[in-house]
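The structure appears below as structure tokens.
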Amino acid sequence: MRKVIVLSLMYCAIAGTAAGTGSLAAKAQDKLLQNAALVLDHGWEFRQVSAGAQEAESGWLPATVPGDVHLDLLANKKIPDPFFRDNEAKLQWIEGESWEYRLKFDASTAVLARTNVDLVFDGLDAAAQVYVNGDQVLNADNMFRVWRVPVKSHLHEGQNLLRVVFPSPIKAAEAAAAGDSFRLKSKTQDKTYIRKAAYEYGWDWGPKFVTSGIWRPVRLEAWDKARIADFVIRQRDVSKEVAHLNAEVEVEAASAGPAKVSVRYIDNGKPAEIVETVSLHAGHNVISLPVEIRQPKLWYPAGYGEQPLYEFTAEVISGRQTAEQLKTKAGLRSIVLRRELDKWGRSFELVVNGIPIFAKGADVIPFDSFPNRVTTADYRHILESARDANMNMIRHWGGGYYETDGFYSICDELGIMVWQDFMFGNEWQPGTYAFKLNIESEAEDQVRRLRNHPSIVVWSGNNETELGRNWAPRDTLPLDVKGQMWEDYLTEFSGILPRVVARLDPETPYWPSSPSADYEPLTDTYQSGDIHDWTVWHGRVPFSDYEKHHWRFVTEYGFQSFPELRTVEAFTEPEDRTGIFTPVMLAHQKNNEGNSIIHDYLIRDYPEPKDFESFLYVSQVLQAEGIKIGAEHFRRSRPETMGSIFWQLNDCWPVASWSSIDYYGRWKALQYYARRFYAPILVSPHVEDGSLKVYIVSDKTETKTAMLKVRLMDFDGKVLLEDSHSVDVTPLASKVYLNWPLKMLTDAGAADTSRVFVEAELTQGGTEDSRNLTYLVPVKQIKLEPANLKVETSQDKGNYKIRITSPVLARSVYLSFGNLDVKVSDNYFNLLPGETIEINATGPTTLEQLRANLQVRSLTDAFPIHDQR
Ligand code: BMA
């Protein structure tokens, strides 16, 4: 969000010599007086540090900054593709080595003429020593901090040498941990002593690549009297009528003196400016300018309104010089995490601009094991996919890294709310004083950087550290040790972090951990806080068990599937694809027994798939159908439950995992299902208490008049029972709009309940809001007929139309296109008996190619003939 006005020093130098060109020269002179940044992103080299070779001029290879050592080795063809087959295991040596990066750069007279020159690293991963012309200027130990070091006295005219030495991260962590003798008692892991993305050490969906590198931009910043250290729009009180804001400009001044601070913005189409003359003291100054905007255009989560952003520009003028300008954007909204005692315990709901929002979404993990190859287009694709699947929230999970500004800017633009974990994933954290200071600085850096993003609606302390407080190896520790650990935990996650949030971003709620009940007791009758429901998958219970609980807010629940064949082909050889238990398929499954769990659940509901590709397909249907049960139950349970965030949206490499979109951005069945089960108005037929009840769940803020049609049908399309009536759908609520006792269904001719289904459909003015099917028997007992799909393709200008029809009910119809990049308007959908569905397809293909590659199958096609039901 924050943008430093970056002046190219090159430009200053050239323009400065253009004397006599009138206003250009004057302008250039002006700019020379402004603060300037020299971005150090070209000309880097790296090498492995080998014993005794420190001084040698050998082994240097070109490097990319920002980047990391794995990507540099790959670019220099020193290692094979880390994601192919089982290459991960062959690349573990890299983390045991030390690496060195260097840059020779010219410091121009213009830079050296400035009073202050700072070397700024936006991120070093992680343990690193930095040298300028041989002098050590920094010893870094936290990937998530911004490091600013005054270096003027170390620079000289002409060529300078910047060196960054990364000791082996494993050895550096061991050395850092050695300073804390308590770790032996508390069994705290060495790796936690260096602040580094936890997933680099491997996760139950991710490979282990513990890397090193200058992973965020680095630059020299030159300034004289003052620089703007930070600029934030504090939202004291925001309503539809008026927004009372404070524009806070933080100024670092080299010396005391007067200055003019101004803030400009556009108010209802008209430019507005607030100016204040202040006397700065040497050091850190906070200047707070009150701003009032009448009838503000508020920022809303997706589905509730627009996402307008106001741009503000801060300027500091000292003497006759403009020292610096900084721009920021703000989305004006009020946000409350409402926690009130109610009949179920204590509520947990996000209220944005006065509207209680049911949070619909998924957890987000890092987009790659090597963050620097993630592009803005990648972020956009995944986040737009979330928006397109009717999500309004993601939880940005704590085992990775704080994302780039670009990522959060896209969330701002799309109205995707972010539950932002601080980056602490599962492991117990050290309790030393030095560690506490370190994480306080980290939290300050990150909250400052991200607080202007309206999308961030919750800061949360960590992922599952509180939950795991008594997990092995901590379960057997002596009580006094546990007591000390708990004190340290509370200091960190209910002391340091919330204090930083309260100081720097008090308008955004803080939550101590995910999951947590904020230390309240939980009983069968008293529910409070958020939950990770892993009874399904880790607990191996059936999907229907989701319906046993009425949680307040679910921040994780999930089930794995395999990615589609094309993705599997990208990391395998043909011999790896003979089954899901080959060594390479197992190398791309990181959860213990994960492939067996998928298989076990699959055969509870379906016959054994007939081949490898069918297995991949059925695994996706299994996952999607399972999560649908949870998601619809949670939505039906509003207002008791106010959030459904499933685990997980994306992948960091090609793998069998809980994701709904694979590493290559390909939607799995779950993502298509999510678009339906997260529809703004959901119709959800459900068999309970001896009845078929049809719920309608509405996220709309107004009553909607719609047509509800419910039909009991057999698989050949014979309608046994039908009801169709107009309903006024209550806003922001879940209610039953039709109730058929099951006896009514059997009386209507549903004698063989394994061959019938109920279709519920909600339309407004003929347009479908939601359509949903349910069955009267468990999945295993459903007796489908082979579908014999009829497919026709045609061309319509640049697009293709695919018309599919089936005489009988066809479940989870799946269109695939071999290696063609074809986008479809829908996939994994149900086709009613006799119905024709037209799918739009786009992509770089001819009609002939499309026809040759298109495969359309439905569930029964995945099983051997004798098992098709
Ligand atoms: C929870 C998450 C992740 C994990 C997932 C699946 O523990 O917070 O750590 O990947 O479940 O096991």
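Labels used: A, B, ... for chains in the order of the structure tokens, numbers from 1 for residues in each chain, and numbers from 1 for ligands as shown.
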
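Neighbouring residues of ligand 1 at a cut-off of 8 Å, counting only C-alpha atoms and all ligand atoms, are Trp203, Asp204, Trp205, Trp397, Gly398, Gly399, Gly425, Asn426, Asn463, Glu464, His532, Trp534, His538, Glu556, Tyr557, Gly558, Asn591, Trp647 and Trp658 of chain A.
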
What are the DSSP helix (DSSP H, G or I) residues of region 574-717 of chain A, as number ranges by chain? A: 574-577, 583-587, 594-605, 612-636, 669-677

Go through A:Val117, A:Ala256, A:Ala674, A:Ala624 and flag the residue nearest Ala386 (chain A), using only C-alpha atoms for the distances. A:Ala674

Would you kindly return, as a ChimeraX atom specification, each protein, DNA or RNA residue with an atom no farther than 7 Å from any atom of Asp118 (chain A), considering only C-alpha atoms and excluding same-chain residues fewer than 4 positions away? /A:148-151,220-222

Run DSSP on the backbone and give me the residues of region 269-377 of chain A it puts in strand (DSSP E), as a PyMOL selection string. chain A and resi 270-280+283-294+310-318+321-330+335-338+341-342+345-346+349-352+355-357+359-364
